[in-house]
>>> print(open('upload03.csv').read())   # CSV, C-alpha atoms
chain,number,residue,atom,x,y,z
O,2,MET,CA,69.0,103.1,37.0
O,3,ASP,CA,71.9,104.2,34.8
O,4,ASP,CA,70.9,106.1,31.6
O,5,ASN,CA,73.6,104.1,29.7
O,6,ALA,CA,73.6,100.5,28.6
O,7,PHE,CA,75.8,97.8,27.2
O,8,PHE,CA,75.0,97.3,23.6
O,9,ILE,CA,75.7,93.6,22.7
O,10,GLN,CA,75.5,91.6,19.5
O,11,GLY,CA,76.6,88.0,19.8
O,12,THR,CA,80.0,88.1,21.5
O,13,SER,CA,80.8,91.7,20.7
O,14,LEU,CA,80.1,95.2,22.2
O,15,LEU,CA,78.9,98.0,20.0
O,16,LEU,CA,80.7,101.4,19.7
O,17,CYS,CA,79.1,104.5,18.2
O,18,GLU,CA,81.4,107.1,16.6
O,19,LYS,CA,78.8,109.8,17.3
O,20,GLU,CA,78.8,109.1,21.1
O,21,SER,CA,81.5,109.7,23.6
O,22,SER,CA,82.1,106.3,25.3
O,23,SER,CA,84.8,104.5,27.2
O,24,PRO,CA,87.7,103.3,25.1
O,25,ASP,CA,87.7,99.9,26.9
O,26,ILE,CA,84.3,98.6,28.0
O,27,PRO,CA,81.9,101.0,26.3
O,28,GLN,CA,78.4,101.9,27.2
O,29,LEU,CA,76.0,104.0,25.1
O,30,PRO,CA,72.9,106.1,26.0
O,31,LEU,CA,69.8,104.0,26.2
O,32,LEU,CA,68.3,106.4,23.7
O,33,CYS,CA,70.5,104.7,21.1
O,34,ALA,CA,68.2,101.6,21.4
O,35,GLU,CA,65.9,103.4,19.0
O,36,ASP,CA,68.4,102.5,16.3
O,37,PHE,CA,67.7,98.8,16.8
O,38,PRO,CA,63.9,98.2,16.8
O,39,GLN,CA,64.5,94.4,17.0
O,40,ALA,CA,66.6,94.5,20.1
O,41,ASP,CA,65.8,93.1,23.5
O,42,VAL,CA,66.2,95.9,26.0
O,43,PHE,CA,66.3,94.8,29.7
O,44,THR,CA,67.7,95.8,33.1
O,45,VAL,CA,68.9,93.5,35.9
O,46,PRO,CA,70.2,94.3,39.4
O,47,ALA,CA,73.9,94.6,39.8
O,48,LEU,CA,75.3,91.9,42.1
O,49,THR,CA,78.0,94.3,43.6
O,50,GLY,CA,75.6,97.1,44.6
O,51,GLY,CA,75.2,100.4,42.8
O,52,ASP,CA,73.0,101.1,39.8
O,53,SER,CA,71.2,98.4,37.9
O,54,ILE,CA,72.8,97.1,34.7
O,55,SER,CA,71.0,97.9,31.4
O,56,CYS,CA,71.6,96.0,28.2
O,57,VAL,CA,70.5,96.3,24.6
O,58,SER,CA,70.8,92.8,23.0
O,59,ILE,CA,70.8,93.0,19.2
O,60,PRO,CA,70.0,89.8,17.2
O,61,ALA,CA,72.9,88.3,15.3
O,62,GLY,CA,73.0,89.0,11.6
O,63,ILE,CA,71.2,92.4,11.9
O,64,PRO,CA,73.1,94.9,9.9
O,65,LEU,CA,74.5,97.8,12.0
O,66,PRO,CA,73.4,101.4,11.2
O,67,PRO,CA,76.1,103.8,10.0
O,68,HIS,CA,78.6,105.0,12.6
O,69,TYR,CA,78.4,101.7,14.7
O,70,LYS,CA,81.1,99.2,15.0
O,71,THR,CA,82.0,96.3,17.2
O,72,ILE,CA,84.7,95.2,19.6
O,73,PRO,CA,85.0,91.6,20.9
O,74,ILE,CA,83.9,91.3,24.5
O,75,ARG,CA,87.0,89.2,25.3
O,76,GLN,CA,89.2,92.1,24.2
O,77,ALA,CA,87.3,94.5,26.3
O,78,ILE,CA,87.6,92.3,29.4
O,79,SER,CA,91.4,91.9,28.9
O,80,LEU,CA,91.8,95.6,29.3
O,81,HIS,CA,90.4,95.3,32.9
O,82,ALA,CA,92.4,92.2,34.0
O,83,GLU,CA,92.9,93.7,37.4
O,84,CYS,CA,89.2,93.8,38.1
O,85,TRP,CA,87.9,90.4,37.2
O,86,ILE,CA,89.0,88.5,40.3
O,87,GLY,CA,86.9,90.7,42.6
O,88,LEU,CA,84.3,91.4,40.1
O,89,THR,CA,84.5,95.1,40.5
O,90,GLY,CA,84.4,97.9,37.9
O,91,PRO,CA,83.2,97.6,34.4
O,92,SER,CA,84.1,93.9,34.0
O,93,ALA,CA,81.4,92.8,36.4
O,94,GLY,CA,78.7,94.7,34.5
O,95,ILE,CA,79.6,93.4,31.0
O,96,LEU,CA,80.0,89.7,32.2
O,97,ARG,CA,76.6,89.8,33.8
O,98,ALA,CA,74.9,91.7,30.9
O,99,HIS,CA,76.3,89.3,28.3
O,100,HIS,CA,75.4,86.2,30.3
O,101,ILE,CA,71.8,87.4,30.8
O,102,ALA,CA,71.4,88.5,27.2
O,103,GLN,CA,72.4,85.1,25.9
O,104,TRP,CA,70.1,83.3,28.3
O,105,ARG,CA,67.2,85.6,27.3
O,106,ARG,CA,67.7,84.7,23.7
O,107,GLU,CA,67.6,81.0,24.6
O,108,SER,CA,64.7,81.0,27.0
O,109,LEU,CA,61.9,82.6,24.8
O,110,PHE,CA,59.8,79.4,25.1
O,111,CYS,CA,59.0,77.0,28.0
O,112,GLY,CA,61.1,73.9,28.0
O,113,SER,CA,58.2,71.8,29.4
O,114,CYS,CA,55.2,72.8,27.3
O,115,GLY,CA,56.5,75.1,24.6
O,116,GLY,CA,54.5,78.2,25.8
O,117,LYS,CA,56.0,81.6,25.3
O,118,ASN,CA,57.7,82.7,28.5
O,119,ALA,CA,57.2,86.0,30.2
O,120,ASP,CA,59.6,87.9,32.4
O,121,SER,CA,59.1,87.5,36.1
O,122,GLY,CA,58.2,90.8,37.9
O,123,SER,CA,60.2,90.0,41.0
O,124,GLU,CA,63.5,88.3,40.0
O,125,VAL,CA,65.7,87.5,37.0
O,126,ALA,CA,63.7,84.6,35.7
O,127,ARG,CA,61.3,83.6,33.0
O,128,VAL,CA,57.8,82.3,33.9
O,129,CYS,CA,55.6,80.2,31.6
O,130,PRO,CA,52.0,81.6,31.7
O,131,VAL,CA,50.7,78.2,30.5
O,132,CYS,CA,52.2,75.6,32.9
O,133,GLY,CA,53.8,77.9,35.5
O,134,ARG,CA,57.3,76.6,35.0
O,135,THR,CA,60.0,79.1,36.2
O,136,GLU,CA,63.4,79.2,34.4
O,137,TYR,CA,66.5,80.9,35.8
O,138,PRO,CA,69.8,81.8,34.0
O,139,ARG,CA,71.8,78.7,33.3
O,140,ILE,CA,75.2,78.4,34.9
O,141,SER,CA,77.6,75.6,33.7
O,142,PRO,CA,80.4,74.8,36.2
O,143,ALA,CA,83.8,74.2,34.6
O,144,VAL,CA,87.1,73.4,36.2
O,145,ILE,CA,90.5,74.7,35.1
O,146,THR,CA,93.7,73.6,36.8
O,147,VAL,CA,97.3,74.7,37.0
O,148,ILE,CA,99.4,71.5,37.5
O,149,VAL,CA,103.0,71.6,38.8
O,150,ASN,CA,105.5,68.7,38.8
O,151,ASN,CA,108.4,68.0,41.1
O,152,GLU,CA,110.8,70.1,39.0
O,153,GLY,CA,108.6,73.2,39.4
O,154,GLN,CA,107.3,73.0,35.8
O,155,THR,CA,103.7,73.6,34.9
O,156,LEU,CA,101.5,71.6,32.4
O,157,LEU,CA,100.2,73.5,29.4
O,158,ALA,CA,98.2,72.1,26.5
O,159,HIS,CA,97.4,73.1,22.9
O,160,ASN,CA,93.7,72.6,22.1
O,161,LYS,CA,92.7,72.1,18.5
O,162,LYS,CA,90.6,75.2,18.6
O,163,PHE,CA,93.5,77.5,19.8
O,164,THR,CA,95.5,79.7,17.5
O,165,PRO,CA,98.9,78.2,16.5
O,166,GLY,CA,101.4,78.3,19.3
O,167,LEU,CA,98.9,79.1,22.1
O,168,TYR,CA,99.0,76.9,25.2
O,169,SER,CA,96.7,77.0,28.2
O,170,LEU,CA,95.6,75.0,31.2
O,171,ILE,CA,93.6,71.8,31.3
O,172,ALA,CA,89.9,72.5,31.7
O,173,GLY,CA,86.5,70.9,31.2
O,174,PHE,CA,82.9,70.9,32.4
O,175,ALA,CA,81.8,69.1,35.5
O,176,GLU,CA,79.6,66.1,34.9
O,177,ALA,CA,76.2,65.3,36.6
O,178,GLY,CA,76.8,63.7,39.9
O,179,GLU,CA,80.4,64.8,40.1
O,180,ASN,CA,82.1,67.0,42.6
O,181,LEU,CA,84.7,69.6,41.4
O,182,GLU,CA,87.8,67.8,42.7
O,183,THR,CA,86.8,64.6,40.9
O,184,ALA,CA,86.2,66.6,37.7
O,185,VAL,CA,89.7,68.1,37.9
O,186,ALA,CA,91.3,64.6,38.2
O,187,ARG,CA,89.0,63.1,35.5
O,188,GLU,CA,89.6,65.9,33.0
O,189,THR,CA,93.3,65.7,33.5
O,190,ARG,CA,93.4,62.0,33.1
O,191,GLU,CA,91.2,62.0,30.0
O,192,GLU,CA,93.1,64.8,28.2
O,193,THR,CA,96.7,64.1,29.3
O,194,GLY,CA,96.9,60.6,30.6
O,195,ILE,CA,98.4,61.5,34.0
O,196,GLU,CA,97.3,61.3,37.6
O,197,ILE,CA,97.3,64.3,39.9
O,198,GLY,CA,96.8,65.0,43.6
O,199,ASP,CA,96.8,67.7,46.2
O,200,ILE,CA,93.9,69.4,44.4
O,201,LYS,CA,93.2,72.8,46.0
O,202,TYR,CA,90.7,75.6,45.1
O,203,ALA,CA,92.4,78.8,43.9
O,204,ALA,CA,89.9,81.2,42.3
O,205,SER,CA,86.8,81.5,40.2
O,206,GLN,CA,85.4,83.6,37.3
O,207,PRO,CA,82.1,83.9,35.5
O,208,TRP,CA,82.9,83.3,31.9
O,209,PRO,CA,79.8,83.7,29.7
O,210,PHE,CA,81.2,81.9,26.6
O,211,PRO,CA,78.6,80.5,26.6
O,212,ASN,CA,77.5,80.4,30.3
O,213,SER,CA,80.3,79.0,32.4
O,214,LEU,CA,81.5,79.5,35.9
O,215,MET,CA,85.2,78.8,35.6
O,216,ILE,CA,86.5,77.3,38.9
O,217,GLY,CA,90.2,77.3,39.2
O,218,PHE,CA,92.4,74.8,41.1
O,219,SER,CA,96.0,74.0,41.6
O,220,ALA,CA,97.3,70.4,41.7
O,221,ARG,CA,100.5,68.3,41.8
O,222,TYR,CA,101.6,65.7,39.3
O,223,VAL,CA,101.6,62.2,40.8
O,224,SER,CA,102.2,59.6,38.1
O,225,GLY,CA,101.8,58.7,34.4
O,226,THR,CA,103.2,59.6,31.0
O,227,LEU,CA,101.9,62.6,29.1
O,228,ARG,CA,99.6,61.5,26.2
O,229,PRO,CA,97.3,64.1,24.5
O,230,ASP,CA,93.9,62.7,23.9
O,231,GLY,CA,94.0,63.6,20.2
O,232,ALA,CA,90.3,64.7,20.3
O,233,GLU,CA,90.6,68.1,22.0
O,234,ILE,CA,94.2,68.3,22.9
O,235,GLU,CA,96.8,68.1,20.2
O,236,ASP,CA,99.9,68.7,22.3
O,237,VAL,CA,100.7,68.8,26.0
O,238,ARG,CA,104.0,69.6,27.6
O,239,TRP,CA,105.8,70.6,30.8
O,240,PHE,CA,107.1,74.2,30.7
O,241,SER,CA,109.6,76.0,32.9
O,242,ARG,CA,109.3,79.7,33.7
O,243,GLU,CA,112.2,80.4,31.3
O,244,ASN,CA,110.7,78.7,28.3
O,245,LEU,CA,107.0,79.6,27.9
O,246,PRO,CA,104.8,79.4,24.8
O,247,SER,CA,102.1,82.0,23.9
O,248,LEU,CA,99.7,82.2,26.8
O,249,PRO,CA,96.0,83.1,27.2
O,250,SER,CA,95.2,86.8,27.4
O,251,GLN,CA,95.0,88.9,30.6
O,252,GLY,CA,91.6,88.9,32.2
O,253,SER,CA,91.0,85.2,32.1
O,254,VAL,CA,91.2,82.9,35.1
O,255,SER,CA,93.7,80.6,33.1
O,256,ARG,CA,96.1,83.5,32.8
O,257,TYR,CA,95.6,84.4,36.5
O,258,LEU,CA,96.5,80.9,37.6
O,259,ILE,CA,99.6,80.8,35.4
O,260,GLU,CA,100.7,84.2,36.8
O,261,CYS,CA,100.3,82.8,40.3
O,262,TRP,CA,102.6,79.9,39.4
O,263,LEU,CA,105.1,82.3,37.8
O,264,ALA,CA,105.1,84.4,41.0
O,265,GLY,CA,105.8,81.2,43.1
O,266,LYS,CA,102.4,81.4,44.8
O,267,ILE,CA,101.4,77.9,43.5
>>> encode(input="upload03.csv", output="structure tokens")
Amino acid sequence: MDDNAFFIQGTSLLLCEKESSSPDIPQLPLLCAEDFPQADVFTVPALTGGDSISCVSIPAGIPLPPHYKTIPIRQAISLHAECWIGLTGPSAGILRAHHIAQWRRESLFCGSCGGKNADSGSEVARVCPVCGRTEYPRISPAVITVIVNNEGQTLLAHNKKFTPGLYSLIAGFAEAGENLETAVARETREETGIEIGDIKYAASQPWPFPNSLMIGFSARYVSGTLRPDGAEIEDVRWFSRENLPSLPSQGSVSRYLIECWLAGKI
């Protein structure tokens, strides 16, 4: 097991000015966990081999001791944009640690009987000692799609939650009883009013905000007139390579798909 750990509070990583740490995705000595007596300290197996992943999950709202500061996890991930697609390097560790930390905060009690869950001794799971129910980390599949028309333009949308001027791809969660290709077509229809076809898988990325598996596709415009739904999407347009708005940051599957389109791979 590594003697260092990811220190996480909410959606941020902790830095300590007293410790030497990586300038991008920092880890701190596990001994620093003594500074946070209310923290949840855990270790999980790495999925890509190598040492296990240790994490110190600090409750939100807990004041940080002197010499500690935070960095948004999204910012840290963007510094390793070249690693996410193969889940190698530090990106793999922090994505897994953050996802598990959040699930542990949300799975303290059994969803069936309300008993206090205990950690399984053999796998990453919670077991209820009262009724025996086993709970695993939740994963919510979401689709995201780069759509291209006959003029070679791509469809980008501005969500109400985005910063001004930022546009990204159409995305949404898969519904119960729905396959991924149907979800792609439905989300596009609901949010933009158009029909698409030639839906093809492109790439995927774990995205623990909150617990998503982002599954990327490419598709072709078939018919319809653009009409933002007004609920989530404020504006949706076709963009050429020569006239692009602000785009999502590096390190996200949305930016990866857009870059594939820019390079003529989609």
>>> residues_around(input="upload03.csv", residues="O:Ala203", least_positions_apart="6", cutoff="10 Å", atoms="all atoms listed in the file", output="JSON, numbers by chain")
{"O": [145, 146, 147, 216, 217, 218, 219, 220, 254, 257, 258, 261, 267]}
>>> atom_distance(input="upload03.csv", atom1="atom CA of O:Ser53", atom2="atom CA of O:Ile74")
19.8 Å
>>> closest_residue(input="upload03.csv", among="O:Gly194, O:Gly11, O:Thr155, O:Phe174", to="O:Arg242", atoms="only C-alpha atoms")
O:Thr155
>>> residues_around(input="upload03.csv", residues="O:Gly173", least_positions_apart="5", cutoff="9 Å", atoms="only C-alpha atoms", output="PyMOL selection string")
chain O and resi 142-145+184-185+188-189
>>> write_last_selection(input="upload03.csv", atoms="C-alpha atoms", output="PDB file, keeping the file's coordinate frame")
ATOM      1  CA  PRO O 142      80.400  74.800  36.200  1.00  0.00           C
ATOM      2  CA  ALA O 143      83.800  74.200  34.600  1.00  0.00           C
ATOM      3  CA  VAL O 144      87.100  73.400  36.200  1.00  0.00           C
ATOM      4  CA  ILE O 145      90.500  74.700  35.100  1.00  0.00           C
ATOM      5  CA  ALA O 184      86.200  66.600  37.700  1.00  0.00           C
ATOM      6  CA  VAL O 185      89.700  68.100  37.900  1.00  0.00           C
ATOM      7  CA  GLU O 188      89.600  65.900  33.000  1.00  0.00           C
ATOM      8  CA  THR O 189      93.300  65.700  33.500  1.00  0.00           C
TER       9      THR O 189
END
>>> closest_residue(input="upload03.csv", among="O:Cys56, O:Leu96, O:Ile148, O:Ala119", to="O:Arg134", atoms="all atoms listed in the file")
O:Ala119
>>> atom_distance(input="upload03.csv", atom1="atom CA of O:Ala98", atom2="atom CA of O:Asn212")
11.6 Å
